[in-house]
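Presented below is the structure to which this report refers.
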Amino acid sequence: MNLKKSALLILLILIIDQWSKIYIKTNFVLGESVAVFSWFKILFIENEGAAWGAKLSDILPISDSIGKLVLTVFRLFAICGIGYWLYDVVRKNAPRTLTIAVSLIFAGALGNILDSLFYGLVFNESYHEVATLFSDEPYGELFYGKVVDMLYFPMIDTTWPDWVPYFGGRNFRFFEPVFNIADTVISTGVGILLVFNKRAFRQNENDLNSPVNDFGDKLQDLGKE
């Protein structure tokens with residue numbers, strides 16, 4: 001898979017991801033939901049922190065604004081690292097499986113970093129009103145945008161039986177997290193690397209025929225004599 005095809009895949013994912021987020025922001029009030037099926041809902045929330053809505057300020061003795069800035073800067077460094085990884089695997093003509101997986105991870109990470117960087121500049125608040133794109137009263141600044149999430153799959157929503165120790169009588173819901181297209185793409189890329197690990201990281205023919213491997217083969221032959 002060459003760099004051009006990888007770029008087209010990334011662009012397609014970004015278009016779908018950003019379109020879905022902009023549509024939700026400009027058509028839903030924060031917290032509004034629409035039931036598509038009993039086990040799938042469109043639920044508009046905004047994530048100010050990392051995965052699962054966690055914040056650095058919950059862990060470190062820093063303010064929410066500083067934590068948000070640190071997280072966004074970290075994401076920028078991470079996207080640069082993933083971008084270089086993608087360039088490297090394409091340059092080395094790595095297996096197609098690896099290139100696709102890294103392209104998906106890069107596209108998803110870039111989709112979410114766009115929210116963190118720019119959404120605070122182009123949208124107003126979504127509390128009790130539908131947000132406006134390119135609003136005259138944006139809710140934040142550069143680096144302080146909120147990530148838009150909307151995919152919600154409460155496939156099981158029940159209550160633990162009273163006889164279950166500790167959990168008895170408590171609500172149980174699966175699957176609880178709300179996420180977006182970018183998150184889905186990142187998870188898919190990571191899943192490909194885990195499931196098809198041997199295929200993704202197998203050596204190509206050029207590596208197998210390299211002088212280093214030839215030298216290793218000769219050493220093995222000497223050891224057999």
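Letters A, B, ... mark the chains of the structure tokens in the order given; residue numbers begin at 1 per chain; ligand numbers begin at 1, in order shown.
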For the alpha helix (DSSP H) assignment from backbone DSSP, which residues of region 40-196 of chain A qualify? Please present them as a PyMOL selection string. chain A and resi 64-91+96-122+181-195
Written selection (C-alpha atoms) as an mmCIF file, in the first residue's frame:
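This went into selection-v5.cif:
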```
data_model
loop_
_atom_site.group_PDB
_atom_site.id
_atom_site.type_symbol
_atom_site.label_atom_id
_atom_site.label_comp_id
_atom_site.auth_asym_id
_atom_site.auth_seq_id
_atom_site.Cartn_x
_atom_site.Cartn_y
_atom_site.Cartn_z
ATOM 1 C CA ASP A 64 -8.714 21.806 34.564
ATOM 2 C CA SER A 65 -7.421 24.349 32.015
ATOM 3 C CA ILE A 66 -3.769 23.360 32.512
ATOM 4 C CA GLY A 67 -4.707 19.682 32.344
ATOM 5 C CA LYS A 68 -6.586 20.256 29.097
ATOM 6 C CA LEU A 69 -3.628 22.123 27.585
ATOM 7 C CA VAL A 70 -1.163 19.412 28.603
ATOM 8 C CA LEU A 71 -3.428 16.725 27.154
ATOM 9 C CA THR A 72 -3.801 18.542 23.829
ATOM 10 C CA VAL A 73 -0.044 19.114 23.540
ATOM 11 C CA PHE A 74 0.546 15.436 24.329
ATOM 12 C CA ARG A 75 -1.899 14.484 21.575
ATOM 13 C CA LEU A 76 0.028 16.681 19.143
ATOM 14 C CA PHE A 77 3.291 14.900 19.943
ATOM 15 C CA ALA A 78 1.520 11.542 19.703
ATOM 16 C CA ILE A 79 0.062 12.332 16.263
ATOM 17 C CA CYS A 80 3.530 13.371 15.054
ATOM 18 C CA GLY A 81 4.948 10.071 16.271
ATOM 19 C CA ILE A 82 2.178 8.047 14.626
ATOM 20 C CA GLY A 83 2.635 10.052 11.429
ATOM 21 C CA TYR A 84 6.329 9.226 11.332
ATOM 22 C CA TRP A 85 5.522 5.573 12.016
ATOM 23 C CA LEU A 86 3.137 5.569 9.047
ATOM 24 C CA TYR A 87 5.723 7.221 6.791
ATOM 25 C CA ASP A 88 8.318 4.675 7.904
ATOM 26 C CA VAL A 89 6.169 1.584 7.246
ATOM 27 C CA VAL A 90 5.198 2.900 3.799
ATOM 28 C CA ARG A 91 8.831 3.740 2.968
ATOM 29 C CA ARG A 96 -0.386 -4.078 3.697
ATOM 30 C CA THR A 97 -2.033 -5.134 6.963
ATOM 31 C CA LEU A 98 0.388 -3.012 8.995
ATOM 32 C CA THR A 99 0.016 0.003 6.705
ATOM 33 C CA ILE A 100 -3.775 -0.112 6.887
ATOM 34 C CA ALA A 101 -3.741 -0.488 10.680
ATOM 35 C CA VAL A 102 -1.345 2.437 11.213
ATOM 36 C CA SER A 103 -3.341 4.549 8.721
ATOM 37 C CA LEU A 104 -6.519 3.907 10.733
ATOM 38 C CA ILE A 105 -4.841 4.797 14.032
ATOM 39 C CA PHE A 106 -3.386 7.979 12.523
ATOM 40 C CA ALA A 107 -6.715 9.020 10.991
ATOM 41 C CA GLY A 108 -8.601 8.479 14.248
ATOM 42 C CA ALA A 109 -6.041 10.321 16.331
ATOM 43 C CA LEU A 110 -6.013 13.218 13.861
ATOM 44 C CA GLY A 111 -9.818 13.350 13.880
ATOM 45 C CA ASN A 112 -9.924 13.832 17.642
ATOM 46 C CA ILE A 113 -7.020 16.291 17.762
ATOM 47 C CA LEU A 114 -8.914 18.531 15.326
ATOM 48 C CA ASP A 115 -11.714 18.771 17.904
ATOM 49 C CA SER A 116 -9.270 19.618 20.693
ATOM 50 C CA LEU A 117 -7.465 22.233 18.639
ATOM 51 C CA PHE A 118 -10.202 24.078 16.776
ATOM 52 C CA TYR A 119 -13.720 23.348 18.051
ATOM 53 C CA GLY A 120 -13.385 25.880 20.847
ATOM 54 C CA LEU A 121 -12.732 28.531 18.192
ATOM 55 C CA VAL A 122 -15.549 27.719 15.757
ATOM 56 C CA ILE A 181 -16.066 7.563 14.519
ATOM 57 C CA ALA A 182 -12.443 8.480 15.259
ATOM 58 C CA ASP A 183 -12.442 6.316 18.396
ATOM 59 C CA THR A 184 -13.923 3.435 16.412
ATOM 60 C CA VAL A 185 -11.240 3.726 13.748
ATOM 61 C CA ILE A 186 -8.438 3.802 16.334
ATOM 62 C CA SER A 187 -9.850 0.713 18.053
ATOM 63 C CA THR A 188 -10.142 -1.051 14.693
ATOM 64 C CA GLY A 189 -6.514 -0.278 13.860
ATOM 65 C CA VAL A 190 -5.301 -1.540 17.237
ATOM 66 C CA GLY A 191 -7.515 -4.615 16.888
ATOM 67 C CA ILE A 192 -5.966 -5.430 13.500
ATOM 68 C CA LEU A 193 -2.485 -5.244 15.017
ATOM 69 C CA LEU A 194 -3.495 -7.572 17.866
ATOM 70 C CA VAL A 195 -5.440 -10.132 15.834
#
```
Could I get the residues of region 10-89 of chain A with an atom no further than 6 Å from an atom of region 124-145 of chain A, each paired with its nearest atom pair and that distance in Å to one decimal, using only C-alpha atoms, sorted by chain and residue number, as a Markdown table?
```
| residue | atom | partner | partner_atom | distance |
| --- | --- | --- | --- | --- |
| A:Lys25 | CA | A:Ala131 | CA | 5.7 |
| A:Thr26 | CA | A:Ala131 | CA | 5.1 |
| A:Asn27 | CA | A:Val130 | CA | 5.9 |
| A:Phe28 | CA | A:Val130 | CA | 5.7 |
| A:Val29 | CA | A:Val130 | CA | 5.0 |
| A:Leu30 | CA | A:Ser126 | CA | 5.3 |
```
Write the residues of the selection above to a file with C-alpha atoms, as an mmCIF file, in the first residue's frame.
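Below is the file that was written, selection-v9.cif:
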```
data_model
loop_
_atom_site.group_PDB
_atom_site.id
_atom_site.type_symbol
_atom_site.label_atom_id
_atom_site.label_comp_id
_atom_site.auth_asym_id
_atom_site.auth_seq_id
_atom_site.Cartn_x
_atom_site.Cartn_y
_atom_site.Cartn_z
ATOM 1 C CA LYS A 25 -23.040 19.833 17.113
ATOM 2 C CA THR A 26 -25.340 21.816 14.812
ATOM 3 C CA ASN A 27 -28.456 19.659 15.276
ATOM 4 C CA PHE A 28 -28.386 18.373 18.869
ATOM 5 C CA VAL A 29 -28.458 20.045 22.265
ATOM 6 C CA LEU A 30 -25.872 18.678 24.687
#
```
Quick one: distance from CA of Leu11 (chain A) to CA of Phe123 (chain A) in Å, one decimal?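 So the answer is 22.5 Å.
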In region 50-179 of chain A, DSSP strand (DSSP E or B) residues written as a PyMOL selection string: chain A and resi 123+133+147-152+156-159+171-174+178-179
Taking only C-alpha atoms into account, name the residue in A:Ile15, A:Ala200, A:Met155, A:Met1 that is nearest to Phe37 (chain A). A:Met155
Between A:Glu48, A:Arg199, A:Lys21, A:Phe40, which residue has the minimum interatomic distance to Asp157 (chain A), considering only C-alpha atoms?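 The closest residue to Asp157 (chain A) is A:Phe40.
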Find the residues around Ile42 (chain A) up to 6 Å (only C-alpha atoms counted), leave out those fewer than 5 positions away in its own chain, and share them as a PyMOL selection string. chain A and resi 33-34+150-151
I need the residue nearest Asn2 (chain A) from this list: A:Lys146, A:Phe172, A:Asn180, A:Lys92. Use only C-alpha atoms for the distance.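 Of all the options, A:Lys92 lies closest to Asn2 (chain A).
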Between CA of Trp163 (chain A) and CA of Ser38 (chain A), what is the distance, to one decimal in Å?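 So the two atoms, CA of Trp163 (chain A) and CA of Ser38 (chain A), lie 27.5 Å apart.
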Pairwise distance, CA of Lys198 (chain A) with CA of Ile10 (chain A), equals 23.8 Å
Counting only C-alpha atoms, which of A:Pro95, A:Asp149, A:Ile62, A:Asn47 gets nearest to Ser20 (chain A)?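 Looking only at the distances to Ser20 (chain A), the closest residue turns out to be A:Asp149.
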